[in-house]
Each structure stands twice: as structure tokens, then as C-alpha cells.
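Read through the structure below, which is laid out as C-alpha cells, and then see the notes.
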Amino acid sequence: MNRITLWMGAGLMVLLALALVAGCEKKKDVIKIGVAGPITGPYAKFGEQLTRGANAAAEAINKAGGINGRNVQIVPGDDACDAKQARAVANQLVNDGVSAVSGHFCSSSTIPASEVYNEANILMITPASTNPQVTDRNLPAVFRTCGRDDQQGDVAGDFIAKTLKAKRIAVIHDKDTYGQGLADATKNRLHQNGITEVLYEGITRGDKDFNSLVTKMKGLKVDTIYFGGLHTEAGLIARQAHEQGLKATFISGDGIVTEEFPNIAGPATEGVLMSFGADPRNIAEAADVVKAFRAANYEPEAYTLYSYAAVQSIAAALKANDVSKDGKKLAAWLKANSVQTVMGKKEWDSKGDLKVSDYVMYKWSKGADGKFNYTQIALK
Amino acid sequence: MYILLQQLVNGLILGSIYGLIAIGYTMVYGIIGMINFAHGEVDMISAYLFAIFLALAGLFGISSLPVALLVTLVFTLLITSIYGFVIERVAYRPLRGSSRLAPLISAIGMSLVLQNYVQLAQGARDQALPPLYTGVFRYGTATEFVQITHIQLIIIIVTVVSMLVLHLLINHTALGRACRATQQDRTMANLLGINTDRVISLVFVIGAAMAAVAGMLITFNFGSFNYFIGFVAGIKAFTAAVLGGIGSIPGAMLGGIILGLSESLFAGLVNTDYKDVFAFVLLVTVLVFRPTGILGRPEVEKI
């Protein structure tokens, strides 16, 4: 007993010491750029995409001489996709003296965090939050390098109505800002196409058992399931629907764009559809960066390059404005100028949304090597 | 018709899962009157151990699934039981005899320590187990049927059997007598030559083993887990234990099944959004009329 306590105590001391060392490490004269996202938690995979992309972009900028001779330093912030923690992390980044922030990931984190940045007049570019509310609140210095859910929902809604010609559609969401926003956007588009869903319900994030929902959909003879949410719950619903023999097409959005989705869904992955931006890895400008990522044994999937582009845009704005921290000034510049990023030339409208969005549909299928992968499918 | 039956089956399975975890809560409460909040975390650890040992079994060339499962089962049970034993030694025994709140806080601390330890050691991302075994019983026509997978059936059977075994153990064996004596009056039991520390340790080991069985079956059934599943599972199982009457083993099972059925039926027939609301309203209603739960005995203050 005493020995165990002693060891635990010793372990804690070492941890504390490490934390202190990490806290002392500060360099002068660097430009700090915050990167916030779910670095821990169930959605940590997406957080990794953001930090990987941002770090690679910072490295490339520093190698090319930095911004006006000063090096860029990435300051990570972990919000675990939790709204309360997002506010705390935002305050922490502001106190840390960041010049701008690339983040956050979950729309439900980005929205409260953006208020903190707005008060501090700091520029924020989210590489992943697609909820319309992110840029619809007239905050001057909020941008994104991804599309909006209403654009995404339009693509999915049209696809369901015109290409699949589905009749009995269930719209399910995870009651989160992103998930419900996306589900609502798709639902509205379906209504415009003259289709009314047979079921519209919300599930709880973190639940594992969706069998009663699946049985209910079976009873309603659903032929298409649209799910607004993230890969964990999407995978479980798809898997349980498959187990119960419900033969319905499963469609979701950019929240399931990760190789972990097939791990959870198993054989139910075959034929699952999702909307996502045209794969940035196929853009000509990205070829070298993608090659560098793969050389470092990392596949720059989903939001990695969006994060890369966000940091590049921040760097471009900082460079043109003499490294000013004034968010309004940087924002005005971004709205007036275009930035050449890894994803091609990007331009923003007066809200901070991209002028051109590029949502397309993807399909999961099993490759020759037995692994699931997604490929773009032709839209009609 | 088939749909309604299927919803009943869904509820029964979910209820068995809750009941299986709830048994561990109720046993510990029954003997030392303390809520072991780290119980859900033990369940989570067993899910990880299950996946790790299954992978190791594959690595050592055990290709037959039943053999691999058996090996995994033995090792997971063993190590999870050790966790249960150590948790009691480190977090609860030093606080025995102190105020009632001290072990409660210690339990919450233990739960946080375990959660963060697994998060750091295994990473925060979701882990997944592909469907290993997909056997299923179906009754009905080709398009309309009621089904239960073999794994789900095993979950129900294991829950009922473990409830019966533990109920008999507590009520009809020498060890059970020692447990009940410890529960009623620890000092007196000590004076009569019962090693109460050992009895309590044993209860924790049994509780952890139950959590391990639950964790393994749940992982096998759902196929996805992360470091945080213990919390959700723990809250629901704790609710089931309170509903059935905490301290009573058949009560844990009954509470679990009522909770599972009410959630499933409400989600299936009314609305998924509000199923948790409904389940907890039910809990409050039961507690208003029966403060000790359905099968719980009212506590008699000894004078």
C-alpha cells in the first residue's frame, strides 16, 4: 500500500515537472498562431488533422523566411468539442498573445469561441466549422476555409431527390449545432424538392444503442437515412441498421470523413454516401504538400489541407498588414484580396464565407486490398 | 406487430446491459454503503483489455475464434479483478472509518484518474472492433421478422445467470453470511472473527469481475469504445440500481430491465429525442413513492 502510494506520488511529481518545463519554453520574437480543436476526446482524430495541417504550414512558412523575418509558432488549444472548454481555450489563447487563430473544429465550439476572439479583436479562420451561424452573426473577423451546411445540405438534398429518387427518408441528427444544422439544411432542400421526410429525430451523442431507432425506421419502411452528425454515432447507426437487415441507403455529411468510420461501421460501410468538398488532395497546387505529408507517413485526409490553407491565409494577411494583431484590419484585407493557398486561390465575401464552394458526393466502397475507401461519384 | 415485438427485444437487451453493470454498483453499496463511482471505469478498462488480448491472441497465432475468446476472457477477468482489488486498497481502505463523504470523493477521484490514465496510455480516439461474429436468430417471414443476435442472447443469459449466482452466494453460503454480517455491523462482525477487510476486498473483486463481463459483452456487441464510455454506462447503471433498490441484486436486474424497456419503447414508439427525459422522469416518480427503490428495504436506524 505505502509503496503504491509512493510510486503514484513520484509519478505525479514527474508529470508536474514536465508541465513546468513545457510552461517555461518560450521564444521571443515569434508570431504566435493559435490552433484550436478537439485534440483529446472522441473526435481527436479531427483535432489531429487540424494540428498536422497547421504545423506543416508553419514549417513551410518558416523555411521560406517566416513572416517579415519572424518565425511562426503554432500554439495548440484543446477544446475537446466542448462549448465551455472552447471559451476557456479561446481566453487562454488570447492571453497567450496569439496574432490570429485557426479553429475551432465543432461548430458548437467555434461559435462561443468566436465571441471571445471578437471581444479581443483577433482574426479567426475556421478550417472545418460548416454551420451557417458561424459567419451569420455579423462578427467582423470570422472566416472559414470550408463550405457552409446550407450549401452542403443543398447538394445532399438534391442528390437524394434527383439521383437516388428516394421516397421514404428518415432525417436523423445528433442534437448538436453542426449535426442538427446540417440535417435541417438537407430537410429544407428535400421540402423544396417536394419530398417530406417520414421521420425526423435527434439522438444523444455518446449513446451506443440505437436499435430502437433502427427498428422504428424498419417499421416506417425507410429507404434512405440521412444523418447529420459525426462518425462515431453514424458508424453505430449504420452498423445496427445492417445487423437488423434494414436495407436503406445511408447518407451523411463531412462529419464522417475519416478512416475510423469503416472501423466502427464494419461491413455496413459499403455504399455509404457523404457530401464533402472536392478532395483537396487532387488539387494541382497541393501536390507537393501532399507528397511531403505522405513522405512523413501521414495521409493528409479530410481537414488537414483546410487547416494548412487557413494558416496560409492568416500568414498572408499578417504579412500584408505589417504583422498587425488588429483583427478588423486583417479581416478587411482578406475580404478585399485573394490568397493563393494550398487549395488554390481563395476569396471571401463580406460575411467571411468562401465565394466558391465545392461540395460533391462521395461513396465508401471496399477496395481490392480489402480496405474501405471513399471516392467521388458523379452528380447528375 | 413484429416491430413492437422487436422493440421489446431491444429493450430487454439494453436492460440486461444496464443490469449487468448495475449488479456491481449494488453489491458494493450493499456491503459498505458506498457508491463506487469508479465502477463504470473498470467496465471501460475491461473493454480495452478485451480488445488488447484479442489482438494479442491473434498475434500468438490463435486463429480459432472460440479459443481466442476463451483466452481473452480469462486474462481480462483476471486483470480487471486485480484492478478492482487495487482500487479498493488504494482509494477506499485508507478512508474506512472516516466520514461518509470521504470515500465518495475518493471514488470520484479514482474514476477521473482511471479515465485520464487510459486516455493518455491508449489515446483519446475511438477504438473499434469489427463485427467478429454475426450469428442471428430470426423469427417471421423474409421481410418482416423479429431478431436477436446470438451475442445479444448471451448478454441476457449471462445477466440472469450472474444475478442468480450472486443472489445465492449472498443468501446461502458462508461467504454470503460474512458479507451480510459485515453489512449489518462491521465492528461486531470483526469481534466475531470475520476478517471484514478481506470480505470487502472480495466484494470489490467480484464487482470488478462483473464489470469485466459486462464490458466484454458490450464491446463484443457494439464494437466501439473510448476512454469515456465508463461514465455514460456508469450513470445509466447507477440509475438502474437506484430504481431497483440499491443494495438488492435482483433489484439491480429489475431496475436495469425497466430502464432499458422504458427507454427503448419510448424511443421506438414516441420520440428518440426525449427518451432520457422519460427514463429519468420515471426514476423520479418511482423514488417519490418508493424512496428506497422497487425492491429496496427501508433503512432501519439502530438505536
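Chain lettering (A, B, ...) mirrors the order of the C-alpha cells, residue numbering begins at 1 for each chain separately, and ligand numbering begins at 1 in order of display.
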Which residues of chain A are close to chain B, meaning at most 6 Å apart when you count only C-alpha atoms, and how do they look as a PyMOL selection string? chain A and resi 40-42+44+202-203+212-213+216+219+263-264+266
Backbone-only DSSP, helix (DSSP H, G or I) members of region 31-270 of chain A, as an MDAnalysis selection string: chainID A and resid 44:63 83:95 107:119 132:134 149:164 177:192 211:219 231:243 254:256 260:269
May I have the residues within 8 Å of region 247-256 of chain A as a list in words, using only C-alpha atoms and disregarding those fewer than 2 positions away in the same chain?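 The residues that qualify are Gln152, Leu182, Val222, Asp223, Thr224, Ile225, Tyr226, Phe227, Gly228, Gly229, Leu230, His231, Ala234, Ala238, Ala241, His242, Gly245, Thr258, Phe261, Gly271, Val272, Leu273, Met274, Ser275 and Phe276 of chain A.
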Those of region 36-236 of chain B in DSSP strand (DSSP E or B), formatted as a ChimeraX atom specification: /B:127-128,136-140,145-149,224-225
In Å, how far is it from CA of Ala189 (chain B) to CA of Ile249 (chain B)? 22.0 Å
I'd like the interatomic distance between CA of Lys218 (chain A) and CA of Leu246 (chain A), to a tenth of an Å.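 For CA of Lys218 (chain A) relative to CA of Leu246 (chain A), the distance reads 6.1 Å.
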Skipping near chain neighbours, those fewer than 4 positions away, what residues fall within 12 Å of Met27 (chain B) using only C-alpha atoms, listed as a ChimeraX atom specification? /B:20-23,31-36,39,163,166-167,169-170,176,179-180,183,199-211,238,241,245-253
